[in-house]
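> Input file: input_7.cif. Contents: mmCIF, C-alpha atoms.
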```cif
data_structure
loop_
_atom_site.group_PDB
_atom_site.id
_atom_site.type_symbol
_atom_site.label_atom_id
_atom_site.label_comp_id
_atom_site.auth_asym_id
_atom_site.auth_seq_id
_atom_site.Cartn_x
_atom_site.Cartn_y
_atom_site.Cartn_z
ATOM 1 C CA MET P 80 164.615 -36.924 167.133
ATOM 2 C CA THR P 81 166.668 -40.118 167.267
ATOM 3 C CA ASP P 82 168.917 -41.377 164.499
ATOM 4 C CA LEU P 83 166.415 -43.992 163.357
ATOM 5 C CA PRO P 84 163.508 -41.604 162.659
ATOM 6 C CA LEU P 85 165.904 -39.188 160.935
ATOM 7 C CA THR P 86 167.177 -41.984 158.703
ATOM 8 C CA MET P 87 163.627 -43.035 157.905
ATOM 9 C CA LEU P 88 162.685 -39.421 157.188
ATOM 10 C CA LEU P 89 165.534 -38.944 154.713
ATOM 11 C CA ALA P 90 164.876 -42.313 153.069
ATOM 12 C CA GLY P 91 161.246 -41.293 152.642
ATOM 13 C CA VAL P 92 162.324 -38.039 151.006
ATOM 14 C CA VAL P 93 164.594 -39.850 148.535
ATOM 15 C CA ALA P 94 161.874 -42.365 147.654
ATOM 16 C CA GLY P 95 159.060 -39.827 147.462
ATOM 17 C CA ALA P 96 161.034 -37.424 145.305
ATOM 18 C CA ALA P 97 161.943 -39.992 142.637
ATOM 19 C CA PRO P 98 158.923 -39.412 140.331
ATOM 20 C CA ILE P 99 159.206 -35.636 140.700
ATOM 21 C CA VAL P 100 162.920 -35.777 139.908
ATOM 22 C CA LEU P 101 162.265 -37.824 136.766
ATOM 23 C CA ALA P 102 159.580 -35.417 135.548
ATOM 24 C CA ALA P 103 161.658 -32.309 136.330
ATOM 25 C CA LEU P 104 164.730 -33.715 134.572
ATOM 26 C CA GLY P 105 162.652 -34.653 131.524
ATOM 27 C CA GLU P 106 161.202 -31.152 131.256
ATOM 28 C CA THR P 107 164.622 -29.581 131.839
ATOM 29 C CA LEU P 108 165.972 -31.505 128.859
ATOM 30 C CA SER P 109 163.090 -30.368 126.635
ATOM 31 C CA GLU P 110 163.304 -26.736 127.684
ATOM 32 C CA LYS P 111 167.081 -26.571 127.286
ATOM 33 C CA ALA P 112 166.420 -27.375 123.628
ATOM 34 C CA GLY P 113 163.867 -24.549 123.428
ATOM 35 C CA LEU P 114 160.577 -26.475 123.747
ATOM 36 C CA ILE P 115 157.955 -26.113 126.484
ATOM 37 C CA ASN P 116 155.920 -29.245 127.178
ATOM 38 C CA LEU P 117 152.912 -28.212 129.271
ATOM 39 C CA SER P 118 151.327 -31.655 128.974
ATOM 40 C CA LEU P 119 153.312 -32.985 131.945
ATOM 41 C CA ASP P 120 150.500 -33.255 134.476
ATOM 42 C CA GLY P 121 148.145 -35.161 132.194
ATOM 43 C CA THR P 122 150.993 -37.248 130.796
ATOM 44 C CA ILE P 123 152.004 -38.370 134.284
ATOM 45 C CA LEU P 124 148.422 -39.400 135.055
ATOM 46 C CA LEU P 125 147.984 -41.273 131.774
ATOM 47 C CA ALA P 126 151.370 -42.995 132.164
ATOM 48 C CA ALA P 127 150.559 -43.929 135.771
ATOM 49 C CA MET P 128 147.269 -45.505 134.712
ATOM 50 C CA THR P 129 148.767 -47.292 131.718
ATOM 51 C CA ALA P 130 151.701 -48.602 133.733
ATOM 52 C CA PHE P 131 149.447 -49.976 136.463
ATOM 53 C CA VAL P 132 147.068 -51.637 133.989
ATOM 54 C CA ALA P 133 149.943 -53.103 131.957
ATOM 55 C CA ALA P 134 151.643 -54.456 135.077
ATOM 56 C CA LEU P 135 148.353 -55.855 136.377
ATOM 57 C CA ALA P 136 147.515 -57.552 133.069
ATOM 58 C CA SER P 137 150.974 -58.969 132.439
ATOM 59 C CA GLY P 138 152.068 -59.585 136.009
ATOM 60 C CA SER P 139 155.322 -57.798 135.177
ATOM 61 C CA VAL P 140 156.393 -54.536 136.777
ATOM 62 C CA ALA P 141 158.975 -54.089 134.009
ATOM 63 C CA ALA P 142 156.193 -54.218 131.403
ATOM 64 C CA GLY P 143 154.367 -51.538 133.350
ATOM 65 C CA PHE P 144 157.365 -49.218 133.324
ATOM 66 C CA LEU P 145 157.866 -49.861 129.609
ATOM 67 C CA ALA P 146 154.225 -48.989 128.911
ATOM 68 C CA GLY P 147 154.425 -45.824 130.999
ATOM 69 C CA GLY P 148 157.608 -44.703 129.251
ATOM 70 C CA LEU P 149 156.059 -45.284 125.838
ATOM 71 C CA VAL P 150 152.997 -43.222 126.783
ATOM 72 C CA GLY P 151 155.193 -40.322 127.861
ATOM 73 C CA THR P 152 157.212 -40.523 124.658
ATOM 74 C CA ALA P 153 154.069 -40.667 122.493
ATOM 75 C CA VAL P 154 152.485 -37.597 124.102
ATOM 76 C CA ALA P 155 155.748 -35.669 123.789
ATOM 77 C CA LEU P 156 155.964 -36.553 120.098
ATOM 78 C CA VAL P 157 152.445 -35.176 119.606
ATOM 79 C CA VAL P 158 153.676 -31.911 121.113
ATOM 80 C CA GLY P 159 156.627 -32.080 118.729
ATOM 81 C CA LEU P 160 154.362 -32.693 115.745
ATOM 82 C CA PHE P 161 152.362 -29.548 116.423
ATOM 83 C CA ALA P 162 155.224 -27.361 117.652
ATOM 84 C CA ILE P 163 157.996 -28.395 115.248
ATOM 85 C CA ALA P 164 156.321 -29.718 112.095
ATOM 86 C CA TRP P 165 153.251 -27.438 112.119
ATOM 87 C CA ARG P 166 154.746 -24.534 114.115
ATOM 88 C CA GLN P 167 151.751 -24.139 116.403
ATOM 89 C CA SER P 168 151.763 -22.594 119.867
ATOM 90 C CA GLN P 169 153.612 -24.885 122.266
ATOM 91 C CA VAL P 170 151.731 -23.487 125.255
ATOM 92 C CA ALA P 171 148.283 -23.979 123.718
ATOM 93 C CA VAL P 172 149.022 -27.498 122.472
ATOM 94 C CA GLY P 173 150.530 -28.579 125.774
ATOM 95 C CA PHE P 174 147.665 -27.178 127.817
ATOM 96 C CA VAL P 175 145.038 -28.913 125.681
ATOM 97 C CA LEU P 176 146.977 -32.179 125.840
ATOM 98 C CA THR P 177 147.267 -32.121 129.613
ATOM 99 C CA LEU P 178 143.483 -31.757 129.945
ATOM 100 C CA MET P 179 142.804 -34.457 127.359
ATOM 101 C CA THR P 180 145.269 -36.982 128.770
ATOM 102 C CA ARG P 181 144.034 -36.400 132.328
ATOM 103 C CA ASP P 182 140.422 -37.106 131.388
ATOM 104 C CA LEU P 183 141.479 -40.053 129.226
ATOM 105 C CA ALA P 184 143.427 -41.545 132.142
ATOM 106 C CA TYR P 185 140.451 -41.393 134.495
ATOM 107 C CA PHE P 186 137.985 -42.636 131.852
ATOM 108 C CA VAL P 187 140.041 -45.613 130.661
ATOM 109 C CA GLY P 188 141.357 -46.421 134.121
ATOM 110 C CA ASN P 189 137.998 -46.305 135.894
ATOM 111 C CA PRO P 190 137.458 -50.129 135.823
ATOM 112 C CA TYR P 191 140.841 -50.595 137.514
ATOM 113 C CA SER P 192 140.326 -48.117 140.350
ATOM 114 C CA ASN P 193 141.310 -49.290 143.822
ATOM 115 C CA GLN P 194 142.353 -52.739 142.663
ATOM 116 C CA PRO P 195 145.381 -54.429 144.240
ATOM 117 C CA GLY P 196 148.258 -54.844 141.843
ATOM 118 C CA PRO P 197 152.000 -55.386 141.555
ATOM 119 C CA SER P 198 154.562 -52.872 142.757
ATOM 120 C CA ALA P 199 158.288 -52.448 142.290
ATOM 121 C CA PRO P 200 160.104 -54.375 145.044
ATOM 122 C CA PRO P 201 162.956 -52.853 147.039
ATOM 123 C CA LEU P 202 166.377 -53.855 145.719
ATOM 124 C CA PRO P 203 168.977 -53.290 148.441
ATOM 125 C CA LEU P 204 172.406 -52.934 146.870
ATOM 126 C CA PRO P 205 174.943 -55.431 148.242
ATOM 127 C CA TRP P 206 177.435 -53.943 150.714
ATOM 128 C CA LEU P 207 176.285 -50.384 150.026
ATOM 129 C CA SER P 208 172.967 -50.928 151.799
ATOM 130 C CA GLU P 209 174.872 -51.856 154.970
ATOM 131 C CA LEU P 210 176.781 -48.583 155.165
ATOM 132 C CA PRO P 211 175.924 -46.732 158.376
ATOM 133 C CA GLY P 212 173.753 -43.696 157.720
ATOM 134 C CA LEU P 213 173.944 -43.643 153.908
ATOM 135 C CA GLY P 214 172.909 -47.265 153.420
ATOM 136 C CA PRO P 215 169.271 -46.986 154.538
ATOM 137 C CA VAL P 216 168.904 -43.534 152.974
ATOM 138 C CA LEU P 217 170.264 -44.201 149.470
ATOM 139 C CA PHE P 218 170.732 -47.903 148.827
ATOM 140 C CA ARG P 219 167.597 -49.746 149.973
ATOM 141 C CA HIS P 220 165.135 -48.545 147.377
ATOM 142 C CA SER P 221 163.396 -49.795 144.249
ATOM 143 C CA ALA P 222 164.734 -49.474 140.713
ATOM 144 C CA PRO P 223 162.995 -46.171 139.802
ATOM 145 C CA VAL P 224 164.586 -44.454 142.800
ATOM 146 C CA TYR P 225 168.056 -45.573 141.700
ATOM 147 C CA LEU P 226 167.227 -44.417 138.174
ATOM 148 C CA SER P 227 166.256 -40.945 139.397
ATOM 149 C CA LEU P 228 169.476 -40.664 141.401
ATOM 150 C CA ALA P 229 171.637 -41.823 138.496
ATOM 151 C CA LEU P 230 170.019 -39.499 135.954
ATOM 152 C CA ILE P 231 170.941 -36.349 137.870
ATOM 153 C CA PRO P 232 174.732 -36.513 137.293
ATOM 154 C CA LEU P 233 174.237 -38.225 133.937
ATOM 155 C CA LEU P 234 172.078 -35.428 132.534
ATOM 156 C CA TRP P 235 174.348 -32.767 134.043
ATOM 157 C CA PHE P 236 177.378 -34.324 132.352
ATOM 158 C CA ALA P 237 175.563 -34.794 129.038
ATOM 159 C CA LEU P 238 174.350 -31.187 128.941
ATOM 160 C CA PHE P 239 177.527 -29.405 129.981
ATOM 161 C CA HIS P 240 180.423 -31.722 129.138
ATOM 162 C CA THR P 241 179.604 -33.376 125.803
ATOM 163 C CA ARG P 242 179.407 -32.226 122.195
ATOM 164 C CA TRP P 243 175.783 -33.386 122.094
ATOM 165 C CA GLY P 244 174.955 -31.156 125.055
ATOM 166 C CA LEU P 245 176.684 -28.204 123.410
ATOM 167 C CA ARG P 246 174.561 -28.642 120.295
ATOM 168 C CA LEU P 247 171.415 -28.990 122.368
ATOM 169 C CA ARG P 248 172.098 -25.775 124.267
ATOM 170 C CA ALA P 249 172.985 -23.981 121.044
ATOM 171 C CA VAL P 250 169.600 -24.942 119.583
ATOM 172 C CA GLY P 251 167.865 -23.668 122.708
ATOM 173 C CA GLU P 252 169.660 -20.322 122.459
ATOM 174 C CA ASN P 253 169.720 -19.672 118.703
ATOM 175 C CA PRO P 254 168.314 -22.297 116.298
ATOM 176 C CA ALA P 255 169.292 -20.286 113.204
ATOM 177 C CA ALA P 256 172.929 -20.075 114.306
ATOM 178 C CA ALA P 257 172.894 -23.773 115.171
ATOM 179 C CA PHE P 258 171.659 -24.581 111.656
ATOM 180 C CA ALA P 259 174.412 -22.415 110.203
ATOM 181 C CA ARG P 260 176.927 -24.569 112.082
ATOM 182 C CA GLY P 261 175.727 -27.629 110.165
ATOM 183 C CA PHE P 262 173.141 -29.474 112.287
ATOM 184 C CA TYR P 263 169.357 -29.519 112.228
ATOM 185 C CA PRO P 264 167.553 -27.845 115.161
ATOM 186 C CA SER P 265 164.274 -29.679 114.525
ATOM 187 C CA ARG P 266 165.970 -33.068 114.840
ATOM 188 C CA VAL P 267 167.752 -32.070 118.044
ATOM 189 C CA GLN P 268 164.523 -30.745 119.538
ATOM 190 C CA LEU P 269 162.546 -33.820 118.567
ATOM 191 C CA VAL P 270 165.098 -36.154 120.156
ATOM 192 C CA CYS P 271 165.177 -34.086 123.342
ATOM 193 C CA LEU P 272 161.394 -33.935 123.460
ATOM 194 C CA ALA P 273 161.134 -37.713 123.065
ATOM 195 C CA LEU P 274 163.764 -38.384 125.743
ATOM 196 C CA GLY P 275 162.146 -35.873 128.061
ATOM 197 C CA GLY P 276 158.738 -37.456 127.461
ATOM 198 C CA LEU P 277 160.216 -40.874 128.242
ATOM 199 C CA MET P 278 161.378 -39.585 131.647
ATOM 200 C CA VAL P 279 157.962 -38.046 132.317
ATOM 201 C CA GLY P 280 156.265 -41.334 131.429
ATOM 202 C CA LEU P 281 158.602 -43.195 133.780
ATOM 203 C CA ALA P 282 157.693 -40.659 136.461
ATOM 204 C CA GLY P 283 154.028 -41.620 136.095
ATOM 205 C CA ALA P 284 154.893 -45.307 136.239
ATOM 206 C CA ALA P 285 157.021 -44.678 139.336
ATOM 207 C CA PHE P 286 153.984 -43.226 141.080
ATOM 208 C CA SER P 287 151.536 -46.063 140.436
ATOM 209 C CA LEU P 288 154.089 -48.871 140.752
ATOM 210 C CA ALA P 289 156.449 -47.613 143.469
ATOM 211 C CA ALA P 290 155.776 -44.350 145.323
ATOM 212 C CA LYS P 291 152.013 -44.821 145.761
ATOM 213 C CA PRO P 292 151.178 -48.252 144.286
ATOM 214 C CA GLY P 293 147.759 -48.574 142.727
ATOM 215 C CA TRP P 294 145.323 -46.526 140.697
ATOM 216 C CA GLY P 295 142.257 -44.588 141.786
ATOM 217 C CA ARG P 296 140.491 -41.268 141.671
ATOM 218 C CA PRO P 297 141.697 -38.832 142.772
ATOM 219 C CA GLN P 298 145.179 -40.074 141.991
ATOM 220 C CA GLY P 299 147.967 -38.981 144.313
ATOM 221 C CA CYS P 300 150.186 -37.815 141.467
ATOM 222 C CA GLU P 301 147.689 -35.247 140.138
ATOM 223 C CA GLY P 302 149.354 -31.842 140.204
ATOM 224 C CA THR P 303 152.874 -33.244 140.062
ATOM 225 C CA GLY P 304 153.362 -32.109 136.473
ATOM 226 C CA TRP P 305 152.770 -28.478 137.411
ATOM 227 C CA ILE P 306 155.200 -28.811 140.311
ATOM 228 C CA ALA P 307 157.809 -30.268 137.927
ATOM 229 C CA LEU P 308 157.310 -27.349 135.535
ATOM 230 C CA ALA P 309 157.782 -24.910 138.395
ATOM 231 C CA LEU P 310 160.904 -26.737 139.556
ATOM 232 C CA VAL P 311 162.534 -26.288 136.150
ATOM 233 C CA ILE P 312 162.185 -22.525 136.637
ATOM 234 C CA PHE P 313 163.150 -22.840 140.300
ATOM 235 C CA GLY P 314 166.301 -24.672 139.217
ATOM 236 C CA GLY P 315 167.266 -22.110 136.607
ATOM 237 C CA TRP P 316 167.032 -24.720 133.830
ATOM 238 C CA HIS P 317 169.822 -26.681 135.495
ATOM 239 C CA PRO P 318 169.242 -30.412 136.181
ATOM 240 C CA VAL P 319 171.022 -30.497 139.554
ATOM 241 C CA ARG P 320 169.145 -27.496 140.929
ATOM 242 C CA ALA P 321 165.825 -28.764 139.555
ATOM 243 C CA ALA P 322 166.434 -32.095 141.299
ATOM 244 C CA ALA P 323 167.313 -30.250 144.505
ATOM 245 C CA GLY P 324 163.972 -28.488 144.287
ATOM 246 C CA ALA P 325 162.245 -31.849 143.885
ATOM 247 C CA TYR P 326 163.894 -33.132 147.060
ATOM 248 C CA LEU P 327 162.879 -29.952 148.866
ATOM 249 C CA PHE P 328 159.259 -30.437 147.825
ATOM 250 C CA ALA P 329 159.356 -34.095 148.877
ATOM 251 C CA PHE P 330 160.854 -33.077 152.216
ATOM 252 C CA LEU P 331 157.982 -30.656 152.793
ATOM 253 C CA GLN P 332 155.499 -33.424 152.026
ATOM 254 C CA VAL P 333 157.192 -35.988 154.274
ATOM 255 C CA ILE P 334 157.721 -33.592 157.171
ATOM 256 C CA GLY P 335 154.037 -32.688 156.926
ATOM 257 C CA ILE P 336 153.143 -36.306 157.649
ATOM 258 C CA HIS P 337 155.316 -36.257 160.776
ATOM 259 C CA LEU P 338 153.959 -32.880 161.870
ATOM 260 C CA GLN P 339 150.458 -34.338 161.875
ATOM 261 C CA GLN P 340 151.637 -36.724 164.585
ATOM 262 C CA TRP P 341 153.504 -34.078 166.565
ATOM 263 C CA LEU P 342 150.741 -31.422 166.308
ATOM 264 C CA PRO P 343 147.451 -33.350 166.371
ATOM 265 C CA ALA P 344 145.454 -30.208 167.163
ATOM 266 C CA VAL P 345 146.235 -28.749 163.725
ATOM 267 C CA PRO P 346 143.900 -29.995 160.941
ATOM 268 C CA SER P 347 145.626 -32.534 158.699
ATOM 269 C CA GLN P 348 144.563 -30.608 155.580
ATOM 270 C CA VAL P 349 146.951 -27.812 156.581
ATOM 271 C CA PHE P 350 149.955 -30.123 156.317
ATOM 272 C CA GLN P 351 148.726 -31.654 153.043
ATOM 273 C CA VAL P 352 148.400 -28.260 151.386
ATOM 274 C CA ALA P 353 151.405 -26.523 153.016
ATOM 275 C CA PRO P 354 154.096 -27.741 150.540
ATOM 276 C CA PHE P 355 152.392 -25.999 147.630
ATOM 277 C CA PRO P 356 152.280 -22.408 149.012
ATOM 278 C CA LEU P 357 155.800 -22.870 150.369
ATOM 279 C CA MET P 358 157.022 -23.789 146.887
ATOM 280 C CA ILE P 359 155.146 -20.807 145.424
ATOM 281 C CA PHE P 360 156.820 -18.537 147.980
ATOM 282 C CA THR P 361 160.212 -19.953 147.017
ATOM 283 C CA LEU P 362 159.537 -19.349 143.325
ATOM 284 C CA LEU P 363 158.516 -15.763 144.062
ATOM 285 C CA LEU P 364 161.770 -15.300 145.948
ATOM 286 C CA VAL P 365 163.758 -16.670 143.004
ATOM 287 C CA ASN P 366 161.899 -14.368 140.600
ATOM 288 C CA LEU P 367 162.628 -11.390 142.850
ATOM 289 C CA LEU P 368 166.328 -12.259 142.885
ATOM 290 C CA GLN P 369 166.351 -12.437 139.095
ATOM 291 C CA ARG P 370 164.742 -8.988 138.871
ATOM 292 C CA LYS P 371 167.218 -7.579 141.361
ATOM 293 C CA ARG P 372 170.089 -9.051 139.373
ATOM 294 C CA ALA P 373 168.776 -7.460 136.177
ATOM 295 C CA GLY P 374 168.502 -4.137 138.020
ATOM 296 C CA GLY P 375 172.068 -4.221 139.320
ATOM 297 C CA MET P 376 171.578 -5.433 142.887
ATOM 298 C CA SER P 377 174.656 -4.750 145.009
ATOM 299 C CA ASP P 378 176.777 -7.756 145.917
ATOM 300 C CA SER P 379 176.550 -9.265 149.401
ATOM 301 C CA PRO P 380 177.128 -12.649 151.081
ATOM 302 C CA LEU P 381 173.384 -13.327 150.984
ATOM 303 C CA ARG P 382 173.248 -12.281 147.348
ATOM 304 C CA ARG P 383 176.114 -14.619 146.458
ATOM 305 C CA ALA P 384 174.529 -17.486 148.395
ATOM 306 C CA LEU P 385 171.132 -17.068 146.734
ATOM 307 C CA ARG P 386 172.663 -16.617 143.277
ATOM 308 C CA LEU P 387 172.832 -20.413 143.032
ATOM 309 C CA LEU P 388 169.030 -20.490 142.781
ATOM 310 C CA THR P 389 168.788 -18.201 139.771
ATOM 311 C CA GLY P 390 169.278 -18.852 136.096
ATOM 312 C CA ASP P 391 168.297 -17.571 132.689
ATOM 313 C CA PRO P 392 165.924 -19.437 130.382
ATOM 314 C CA PRO P 393 167.135 -20.498 126.934
ATOM 315 C CA ALA P 394 166.775 -17.509 124.614
ATOM 316 C CA ALA P 395 164.630 -19.397 122.077
ATOM 317 C CA LEU P 396 162.385 -21.089 124.664
ATOM 318 C CA GLY P 397 158.801 -21.272 123.465
ATOM 319 C CA ARG P 398 159.429 -19.554 120.134
ATOM 320 C CA PRO P 399 158.065 -21.189 116.970
ATOM 321 C CA LEU P 400 160.879 -22.968 115.160
ATOM 322 C CA GLN P 401 161.455 -21.962 111.573
ATOM 323 C CA ARG P 402 161.912 -24.803 109.129
ATOM 324 C CA ASP P 403 165.476 -26.092 108.843
ATOM 325 C CA GLY P 404 167.069 -24.529 105.868
#
```
Please express what this file holds, its structure, as structure tokens.


Amino acid sequence: MTDLPLTMLLAGVVAGAAPIVLAALGETLSEKAGLINLSLDGTILLAAMTAFVAALASGSVAAGFLAGGLVGTAVALVVGLFAIAWRQSQVAVGFVLTLMTRDLAYFVGNPYSNQPGPSAPPLPLPWLSELPGLGPVLFRHSAPVYLSLALIPLLWFALFHTRWGLRLRAVGENPAAAFARGFYPSRVQLVCLALGGLMVGLAGAAFSLAAKPGWGRPQGCEGTGWIALALVIFGGWHPVRAAAGAYLFAFLQVIGIHLQQWLPAVPSQVFQVAPFPLMIFTLLLVNLLQRKRAGGMSDSPLRRALRLLTGDPPAALGRPLQRDG
């Protein structure tokens, strides 16, 4: 493989992973605060449809991203209403919402299927885009790709190096103790849920306006929400590792496209489906490592290398939140 195809391959991975990174980071933020939002897959579809329709009607890609972000925030707040205010099952509410929003997206968006529309233009960064090697890979993309790249270190810093992040993690571990320290767990969770939903909505908009411009049925982003949920576990509830999992999944998708050209005798459906069982295998491996760690697995170089993949969920994840005070 020459340098040019390798550069194009890596640039495709960075661009293709952007929506998955946004969704995984949004769910990581919610789950670190102790809330599971299972509505991701339907939210991404509804946000993708809304963003495309808004951009098509207004002629503004920015309006499309704003509409998609608002949809993601609204759905997340519905989850918060049931889970925080009414103390209902987060899993049940999220699952029902993902089915409802998926069907709503296809029903409302049906008149706009397969129509040409606007898409986010590439915005090469001055000077940086001319750097050999890194320039084409990192600095010749559209705005949502830059946003996904910037949010990785930003969220990591906010979670682990700020007072706000300390409070958030305290709520995710022990809401009662956090309340005893003088702040309100329900407020922290609601803010995190809204911010996480905003990222998920932007992920949907990034699909229909950047990664795979347009809207139709079946939509290319269907199933992405479940992948993002899996990546949060894969990443041990850590934003950097979750993002790394998103890039791995995107790499498997992109390399599958190239393998179709290199191995034409193999049915194309094999390469389209292959990333999903490979990710499932990886998750099973991570789960096995966690079990071995709990059982006192002896230390080894391989064990230390694979330890980076494991992590513990927040202690209060998924538990009904008692009323503040």

> Written as a PDB file with C-alpha atoms, keeping the file's coordinate frame, which residues does the PyMOL selection byres ((chain P and resi 185) around 9) give for the file shown?


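Final output, saved to out.pdb:
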```
ATOM      1  CA  LEU P 124     148.422 -39.400 135.055  1.00  0.00           C
ATOM      2  CA  LEU P 125     147.984 -41.273 131.774  1.00  0.00           C
ATOM      3  CA  MET P 128     147.269 -45.505 134.712  1.00  0.00           C
ATOM      4  CA  THR P 180     145.269 -36.982 128.770  1.00  0.00           C
ATOM      5  CA  ARG P 181     144.034 -36.400 132.328  1.00  0.00           C
ATOM      6  CA  ASP P 182     140.422 -37.106 131.388  1.00  0.00           C
ATOM      7  CA  LEU P 183     141.479 -40.053 129.226  1.00  0.00           C
ATOM      8  CA  ALA P 184     143.427 -41.545 132.142  1.00  0.00           C
ATOM      9  CA  PHE P 186     137.985 -42.636 131.852  1.00  0.00           C
ATOM     10  CA  VAL P 187     140.041 -45.613 130.661  1.00  0.00           C
ATOM     11  CA  GLY P 188     141.357 -46.421 134.121  1.00  0.00           C
ATOM     12  CA  ASN P 189     137.998 -46.305 135.894  1.00  0.00           C
ATOM     13  CA  SER P 192     140.326 -48.117 140.350  1.00  0.00           C
ATOM     14  CA  GLY P 295     142.257 -44.588 141.786  1.00  0.00           C
ATOM     15  CA  ARG P 296     140.491 -41.268 141.671  1.00  0.00           C
ATOM     16  CA  PRO P 297     141.697 -38.832 142.772  1.00  0.00           C
ATOM     17  CA  GLN P 298     145.179 -40.074 141.991  1.00  0.00           C
TER      18      GLN P 298
END
```

> Taking into account all atoms listed in the file, which residue in the set P:Leu114, P:Leu207, P:Cys300, P:Ala97 is nearest to Arg166 in chain P?

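Closest residue, counting all atoms listed in the file: P:Leu114.
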
> Once the PyMOL selection byres ((chain P and resi 315-323) around 10) has been evaluated on this model, what residues remain selected, and can you format them as number ranges by chain?

P: 96-97, 99-111, 227-228, 230-236, 238-239, 307-314, 324-329, 365, 387-393

> Dig up all the protein and nucleic acid residues within 12 Å of (149.4, -55.2, 131.2) in the file frame, using only C-alpha atoms, and format them as a PDB file with C-alpha atoms, in the coordinates of the input.


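Output below, filename out-v4.pdb:
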```pdb
ATOM      1  CA  MET P 128     147.269 -45.505 134.712  1.00  0.00           C
ATOM      2  CA  THR P 129     148.767 -47.292 131.718  1.00  0.00           C
ATOM      3  CA  ALA P 130     151.701 -48.602 133.733  1.00  0.00           C
ATOM      4  CA  PHE P 131     149.447 -49.976 136.463  1.00  0.00           C
ATOM      5  CA  VAL P 132     147.068 -51.637 133.989  1.00  0.00           C
ATOM      6  CA  ALA P 133     149.943 -53.103 131.957  1.00  0.00           C
ATOM      7  CA  ALA P 134     151.643 -54.456 135.077  1.00  0.00           C
ATOM      8  CA  LEU P 135     148.353 -55.855 136.377  1.00  0.00           C
ATOM      9  CA  ALA P 136     147.515 -57.552 133.069  1.00  0.00           C
ATOM     10  CA  SER P 137     150.974 -58.969 132.439  1.00  0.00           C
ATOM     11  CA  GLY P 138     152.068 -59.585 136.009  1.00  0.00           C
ATOM     12  CA  SER P 139     155.322 -57.798 135.177  1.00  0.00           C
ATOM     13  CA  VAL P 140     156.393 -54.536 136.777  1.00  0.00           C
ATOM     14  CA  ALA P 141     158.975 -54.089 134.009  1.00  0.00           C
ATOM     15  CA  ALA P 142     156.193 -54.218 131.403  1.00  0.00           C
ATOM     16  CA  GLY P 143     154.367 -51.538 133.350  1.00  0.00           C
ATOM     17  CA  PHE P 144     157.365 -49.218 133.324  1.00  0.00           C
ATOM     18  CA  LEU P 145     157.866 -49.861 129.609  1.00  0.00           C
ATOM     19  CA  ALA P 146     154.225 -48.989 128.911  1.00  0.00           C
ATOM     20  CA  GLY P 147     154.425 -45.824 130.999  1.00  0.00           C
ATOM     21  CA  TYR P 191     140.841 -50.595 137.514  1.00  0.00           C
ATOM     22  CA  GLY P 196     148.258 -54.844 141.843  1.00  0.00           C
ATOM     23  CA  PRO P 197     152.000 -55.386 141.555  1.00  0.00           C
TER      24      PRO P 197
END
```

> Please, which residues in range 90-183 of chain P fall within 7 Å of range 248-266 of chain P when counting all atoms listed in the file, and what is the closest atom pair and distance in Å to one decimal for each, ordered by chain then residue number, as JSON lines?


```
{"residue": "P:Lys111", "atom": "CA", "partner": "P:Gly251", "partner_atom": "CA", "distance": 5.5}
{"residue": "P:Ala112", "atom": "CA", "partner": "P:Gly251", "partner_atom": "CA", "distance": 4.1}
{"residue": "P:Gly113", "atom": "CA", "partner": "P:Gly251", "partner_atom": "CA", "distance": 4.2}
{"residue": "P:Ile163", "atom": "CA", "partner": "P:Ser265", "partner_atom": "CA", "distance": 6.4}
```

> Report the distance between CA of Leu89 in chain P and CA of Leu281 in chain P in Å, rounded to one decimal place.

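CA of Leu281 in chain P lies at a distance of 22.5 Å from CA of Leu89 in chain P.
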
> What is the CA of Val352 in chain P to CA of Gly148 in chain P distance in Å?

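Calculated distance between CA of Val352 in chain P and CA of Gly148 in chain P is 29.1 Å.
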
> Please expand the PyMOL selection byres ((chain P and resi 217) around 12) into the concrete residues it hits in this file, giving the result as a CSV table (one decimal) with C-alpha atoms, in the coordinates of the input.


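Contents of part-v8.csv, as written:
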```
chain,number,residue,atom,x,y,z
P,86,THR,CA,167.2,-42.0,158.7
P,87,MET,CA,163.6,-43.0,157.9
P,88,LEU,CA,162.7,-39.4,157.2
P,89,LEU,CA,165.5,-38.9,154.7
P,90,ALA,CA,164.9,-42.3,153.1
P,91,GLY,CA,161.2,-41.3,152.6
P,92,VAL,CA,162.3,-38.0,151.0
P,93,VAL,CA,164.6,-39.8,148.5
P,94,ALA,CA,161.9,-42.4,147.7
P,97,ALA,CA,161.9,-40.0,142.6
P,201,PRO,CA,163.0,-52.9,147.0
P,202,LEU,CA,166.4,-53.9,145.7
P,203,PRO,CA,169.0,-53.3,148.4
P,204,LEU,CA,172.4,-52.9,146.9
P,207,LEU,CA,176.3,-50.4,150.0
P,208,SER,CA,173.0,-50.9,151.8
P,209,GLU,CA,174.9,-51.9,155.0
P,210,LEU,CA,176.8,-48.6,155.2
P,211,PRO,CA,175.9,-46.7,158.4
P,212,GLY,CA,173.8,-43.7,157.7
P,213,LEU,CA,173.9,-43.6,153.9
P,214,GLY,CA,172.9,-47.3,153.4
P,215,PRO,CA,169.3,-47.0,154.5
P,216,VAL,CA,168.9,-43.5,153.0
P,218,PHE,CA,170.7,-47.9,148.8
P,219,ARG,CA,167.6,-49.7,150.0
P,220,HIS,CA,165.1,-48.5,147.4
P,221,SER,CA,163.4,-49.8,144.2
P,222,ALA,CA,164.7,-49.5,140.7
P,224,VAL,CA,164.6,-44.5,142.8
P,225,TYR,CA,168.1,-45.6,141.7
P,226,LEU,CA,167.2,-44.4,138.2
P,227,SER,CA,166.3,-40.9,139.4
P,228,LEU,CA,169.5,-40.7,141.4
P,229,ALA,CA,171.6,-41.8,138.5
```
